[in-house]
Every structure is written in structure tokens, then in C-alpha cells.
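See below for the structure under consideration.
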Amino acid sequence: MTTQATVPPTRRSYRPPAPLGGRTPLRRSRSYRLTVIAFLLPAIIILTVFVAWPMVSALRLSFTDASGFGDEEWVGLQNYVDVFTDSGVLGAMGNTALYALLFTPLVVVLALSFALLLNNRLLPGRGVFRTMLFLPFIVSLAVAAFAWSYLLDPQIGLLNHWLRGFGIQLGNVLQDPVLAMPTVVLVAVWKSFGFYMVIFLAGLQDIPGSLYEAARVDGASAWQRFRSITLPMLSNSLGFVLIVALIAALQAFDQIYVMTGGGPYGSTQTIVMEIYESGFRKLELGFASALSYVLLLITLVLSLVQFLFFSRREQDAS
């Protein structure tokens, strides 16, 4: 009787199961990388041609006396020095600061007030009111400015006609050095506060209702609930709206160009209006490019503040 020796099985290293079809996963293959590049290439080309290249060209022009005609001469930092010494530019910076001081708190308070009102479930037709208040935001600001210019016209404007019925003579506010800036600010607020209202509404709907119920049981008033629950829970939305509204105020141009053209007597001349005047009317492309980069630097600082604010909020939450 012969015995057959059993051979112990050899140990093999673990091999993961092969993918379906026996092919290498697409993400590890060359074709996947080519597919990714093919999808990204159109966006990269567009951003390079219409964003990156113009920014680099403007940066180069900011160190020259370019006018769009003839040769350019390298002037170094002289354009940046002129930005902070030119009386017209300093006046435009002051007007921009005034615009921001009027626009930002007004649009934030108005948007938050309507958001609190329209967040009430007992309000009938609140969906209709939300739509009506948001509609001006989808209208072009230039178109809205044209409409408001006719409404405010002292001769044919409907607003002046209605106010005369109450014994109020508004006059030509767009030609008044004192009232022109508040008027263009009110048009911008009317046009954009619906957008910020929607952001606040989203934040309000994320607040648990149990917090308000517990506060009512403890006898907290409406103001105490707003101060102790609503505002702290809306801090992220409030910070976002404040920074975005402030950046929008620094870039004010459309309604000012249409309604006042920077006047009267330069009372509504903002930084962007000054860039337009210098670059396209005075043909001082180098100076306009330098002023554009100063505005870009201010915007970047505000964006950095927003980034640090939300980063710290995330660290505190974790």
C-alpha cells in the first residue's frame, strides 16, 4: 500500500479582486488623465485669455505711461504715487467710502428685517412677497437706473407727480450735490436687498425651533430671543452678507454712470468711475491700471478678512 504525501499549500500574498471586466480602473489609467484635461481645457483657455492675460497686461501697464497710442515709457511706481496724491482720486475714494457707509448698513438692516418678517409661517402669501422682493435683483442695474431716472425726473417723473399730491416738492435730486449720492445708494439698495434677504432666510430656517420654544417658556421677550438666539445663530450669514455688500459698494458704477455720470460737481464720482474716466476718456491707461490694482488690493484684503472669519468660526465649532 503506497502512501501519497500531501504537499502543503504555498502561501500567496493577498491580491485584491480584479475590477469588473478585468480592466484597470479608469482613474489609474492614462485615458482618465486625458479625459480630465479635456474637460478642464476649455475653462482654462477662457480664464487664461479673458482673466489671467488681461490682469498681467494691466499690471505691466500700471508701470508705464501707456495711452493706447504711440510708444510706452516705463515710469516705475509713479502711477501709484499719483493715485494717492491726485486730488480727484482722493475725492473719488472719499465718495466711495461714503457710498459704502450708506449702502452696507442700510441693505443689511433692510434685508434682515424683511427676512425676519417673511420667515413667519403665519404670514399669508409670504411666498409671493419673497418672489416680489427678489425680482429686482434679476434686473440689470443699468436698466433699473434708467427706470429710476425717469421716475425721479422733475418734469415727467411719476414719483414727483405723486409727491406733489401730498404737498412735497422733491425737485431734481440727481442734480443736487447733497441728495445725489443718497439717491443712487437707494436705487442700489432697492435692487440688491432681495438677494441678501434670501441668504438671511436660509440662515433663519436652519435655526432649531426648539431654541425659541425654550426661550418662550423661560419668559424671554421677542427682543431677548432675537439678541440671544437669532443674531448668534446668524453670525455666519451676517458676516458673509456684510463682506459681500461692502465689496459690491466698492465696485459701484452702473447706476452712477447712468443716473449722474459722476456729478454733480463730482459728488458721486467713485473709484470705478475714476478708472473709467482715466482709461477711456483721458486715455491714461497706465494710471487707470494702477488705480485698478489699488482697488483689487482693497478687495483682496476684504476677502481675506472674510476667509479668516469663517476659518476661525469652523475651528471654534470643531
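Identifiers in this document derive from the order of the C-alpha cells: chains are assigned A, B, ..., residues are numbered from 1 separately in each chain, and ligands are numbered from 1 in order of occurrence.
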Non-local contacts of stretch 147-150 of chain A (9 Å; only C-alpha atoms; under 3 positions in same chain excluded) as a PyMOL selection string: chain A and resi 142-144+153-154+156-159+174+187+258-259
Give me a file of those residues, with C-alpha atoms, as a PDB file, in the first residue's frame.
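Now in part_15.pdb:
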```pdb
ATOM      1  CA  ALA A 142     -28.283  99.778 -15.627  1.00  0.00           C
ATOM      2  CA  VAL A 143     -31.881  99.077 -16.696  1.00  0.00           C
ATOM      3  CA  ALA A 144     -33.126  99.767 -13.167  1.00  0.00           C
ATOM      4  CA  ASP A 153     -37.395 113.366 -13.361  1.00  0.00           C
ATOM      5  CA  PRO A 154     -38.730 116.702 -12.006  1.00  0.00           C
ATOM      6  CA  ILE A 156     -42.291 113.931 -16.173  1.00  0.00           C
ATOM      7  CA  GLY A 157     -41.372 111.676 -13.255  1.00  0.00           C
ATOM      8  CA  LEU A 158     -44.227 109.781 -11.594  1.00  0.00           C
ATOM      9  CA  LEU A 159     -42.583 109.956  -8.177  1.00  0.00           C
ATOM     10  CA  LEU A 174     -29.907 113.874  -9.256  1.00  0.00           C
ATOM     11  CA  VAL A 187     -31.533 102.627  -6.067  1.00  0.00           C
ATOM     12  CA  VAL A 258     -26.435 106.091 -15.936  1.00  0.00           C
ATOM     13  CA  MET A 259     -28.034 108.442 -13.400  1.00  0.00           C
TER      14      MET A 259
END
```
Could you give me, as a short mmCIF file (atom, residue, chain, number, x, y, z; two decimals) with N, CA, C and O atoms, in the first residue's frame, the residues within 12 Å of A:Arg60, counting only C-alpha atoms and dropping anything in the same chain fewer than 2 positions from it?
```
data_model
loop_
_atom_site.label_atom_id
_atom_site.label_comp_id
_atom_site.auth_asym_id
_atom_site.auth_seq_id
_atom_site.Cartn_x
_atom_site.Cartn_y
_atom_site.Cartn_z
N TRP A 53 -4.51 86.78 -18.65
CA TRP A 53 -3.71 87.63 -19.54
C TRP A 53 -4.06 89.12 -19.38
O TRP A 53 -3.14 89.96 -19.32
N PRO A 54 -5.35 89.50 -19.33
CA PRO A 54 -5.63 90.93 -19.09
C PRO A 54 -5.09 91.43 -17.76
O PRO A 54 -4.65 92.59 -17.67
N MET A 55 -5.11 90.60 -16.71
CA MET A 55 -4.58 91.04 -15.42
C MET A 55 -3.08 91.27 -15.51
O MET A 55 -2.56 92.26 -14.98
N VAL A 56 -2.37 90.36 -16.18
CA VAL A 56 -0.92 90.53 -16.33
C VAL A 56 -0.62 91.76 -17.19
O VAL A 56 0.29 92.55 -16.88
N SER A 57 -1.39 91.96 -18.25
CA SER A 57 -1.17 93.12 -19.11
C SER A 57 -1.45 94.42 -18.37
O SER A 57 -0.71 95.41 -18.51
N ALA A 58 -2.52 94.43 -17.54
CA ALA A 58 -2.83 95.63 -16.77
C ALA A 58 -1.74 95.92 -15.75
O ALA A 58 -1.41 97.09 -15.50
N SER A 62 0.48 99.35 -15.60
CA SER A 62 0.46 100.24 -14.44
C SER A 62 1.83 100.84 -14.13
O SER A 62 1.91 101.80 -13.36
N PHE A 63 2.88 100.30 -14.74
CA PHE A 63 4.23 100.84 -14.55
C PHE A 63 4.70 101.65 -15.76
O PHE A 63 5.88 101.96 -15.88
N THR A 64 3.76 101.97 -16.65
CA THR A 64 4.10 102.75 -17.84
C THR A 64 3.18 103.96 -17.95
O THR A 64 2.22 104.10 -17.19
N ASP A 65 3.46 104.81 -18.93
CA ASP A 65 2.60 105.95 -19.22
C ASP A 65 1.74 105.67 -20.45
O ASP A 65 1.47 106.58 -21.26
N ALA A 66 1.33 104.42 -20.64
CA ALA A 66 0.60 103.99 -21.83
C ALA A 66 -0.67 104.81 -22.02
O ALA A 66 -1.38 105.12 -21.06
N GLU A 72 5.26 103.37 -25.36
CA GLU A 72 5.07 103.43 -23.91
C GLU A 72 6.42 103.69 -23.24
O GLU A 72 7.45 103.20 -23.67
N GLU A 73 6.38 104.46 -22.18
CA GLU A 73 7.59 104.76 -21.42
C GLU A 73 7.45 104.22 -20.01
O GLU A 73 6.42 104.40 -19.36
N TRP A 74 8.48 103.53 -19.53
CA TRP A 74 8.46 102.94 -18.19
C TRP A 74 8.60 104.06 -17.15
O TRP A 74 9.55 104.84 -17.17
N VAL A 75 7.64 104.13 -16.23
CA VAL A 75 7.67 105.19 -15.21
C VAL A 75 7.77 104.62 -13.80
O VAL A 75 7.74 105.38 -12.83
N GLY A 76 7.89 103.31 -13.66
CA GLY A 76 8.04 102.71 -12.35
C GLY A 76 6.79 102.86 -11.49
O GLY A 76 5.67 102.59 -11.94
N LEU A 77 6.98 103.32 -10.27
CA LEU A 77 5.88 103.44 -9.31
C LEU A 77 5.19 104.80 -9.34
O LEU A 77 4.38 105.11 -8.46
N ASN A 79 2.83 106.03 -11.19
CA ASN A 79 1.37 105.99 -11.27
C ASN A 79 0.75 105.69 -9.90
O ASN A 79 -0.29 106.25 -9.54
N LEU A 285 -4.04 105.07 -19.64
CA LEU A 285 -4.20 103.65 -19.35
C LEU A 285 -3.29 103.19 -18.22
O LEU A 285 -3.67 102.33 -17.43
N GLY A 286 -2.09 103.72 -18.15
CA GLY A 286 -1.18 103.34 -17.07
C GLY A 286 -1.72 103.74 -15.71
O GLY A 286 -1.71 102.95 -14.76
N PHE A 287 -2.19 104.97 -15.61
CA PHE A 287 -2.75 105.46 -14.35
C PHE A 287 -4.02 104.68 -13.98
O PHE A 287 -4.23 104.30 -12.82
N ALA A 288 -4.89 104.41 -14.97
CA ALA A 288 -6.11 103.65 -14.71
C ALA A 288 -5.79 102.24 -14.25
O ALA A 288 -6.47 101.69 -13.37
N SER A 289 -4.76 101.62 -14.83
CA SER A 289 -4.37 100.27 -14.42
C SER A 289 -3.85 100.27 -12.98
O SER A 289 -4.15 99.35 -12.20
N ALA A 290 -3.07 101.28 -12.62
CA ALA A 290 -2.58 101.37 -11.24
C ALA A 290 -3.73 101.53 -10.26
O ALA A 290 -3.77 100.89 -9.21
N TYR A 293 -5.51 98.26 -9.74
CA TYR A 293 -4.82 97.33 -8.85
C TYR A 293 -4.91 97.78 -7.39
O TYR A 293 -4.89 96.94 -6.49
#
```
Do you know which residues are at most 10 Å from A:Asp206 counting only C-alpha atoms, after dropping those on the same chain fewer than 5 positions away, and could you put them as a VMD selection string? chain A and resid 201 233 to 234
Preceding selection exported with N, CA and C atoms as a PDB file, in the first residue's frame:
```
ATOM      1  N   LEU A 201     -32.800  84.424   4.993  1.00  0.00           N
ATOM      2  CA  LEU A 201     -33.890  83.457   5.126  1.00  0.00           C
ATOM      3  C   LEU A 201     -33.336  82.037   5.249  1.00  0.00           C
ATOM      4  N   MET A 233     -26.938  82.841  16.038  1.00  0.00           N
ATOM      5  CA  MET A 233     -27.076  81.753  15.078  1.00  0.00           C
ATOM      6  C   MET A 233     -26.940  82.245  13.634  1.00  0.00           C
ATOM      7  N   LEU A 234     -27.127  83.545  13.421  1.00  0.00           N
ATOM      8  CA  LEU A 234     -26.995  84.125  12.083  1.00  0.00           C
ATOM      9  C   LEU A 234     -25.625  84.761  11.860  1.00  0.00           C
TER      10      LEU A 234
END
```
Could you give me the residues within stretch 15-199 of chain A that DSSP places in helix (DSSP H, G or I), as a count of residues only? 130
Got a sec: who's within 9 Å of A:Gln155, counting only C-alpha atoms, leaving out chain neighbours fewer than 3 positions off, as a PyMOL selection string? chain A and resi 152+158+160-161+171-172
Nearest to A:Ser235 among A:Val217, A:Ile271, A:Leu204, A:Ala43, with distances taken over only C-alpha atoms: which residue is it?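 Closest candidate: A:Leu204.
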May I ask which of the residues A:Ala100, A:Leu133, A:Ile247, A:Ile256 is the closest one to A:Leu296, counting only C-alpha atoms? A:Ile247
With a distance cut-off of 8 Å and only C-alpha atoms, select the neighbouring residues of stretch 110-118 of chain A, excluding the residue or stretch itself and same-chain residues fewer than 2 positions from it, and output the selection as a PyMOL selection string. chain A and resi 106-108+120-121+123+126+129-130+193-194+196-198+200-201+204
I'd like the interatomic distance between atom CA of A:Leu122 and atom CA of A:Ala214, to a tenth of an Å.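 Straight-line distance from atom CA of A:Leu122 to atom CA of A:Ala214 works out to 19.8 Å.
Checking A:Tyr99, A:Gly279, A:Leu304, A:Val294 one by one against A:Val83, counting only C-alpha atoms, you find the shortest gap at A:Val294.
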Looking at A:Phe84, A:Leu300, A:Phe69, A:Pro232, which one is nearest to A:Val244, with distances taken over only C-alpha atoms? A:Leu300
Within 10 Å of A:Leu135, counting only C-alpha atoms, which residues qualify if same-chain residues fewer than 3 places away don't, as a PyMOL selection string? chain A and resi 129-132+138-139+191-192+194-195
For A:Glu213, which residue among A:Ala180, A:Arg225, A:Gly167, A:Met93 is the nearest when counting only C-alpha atoms?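 Distance minimum relative to A:Glu213 lands on A:Arg225.
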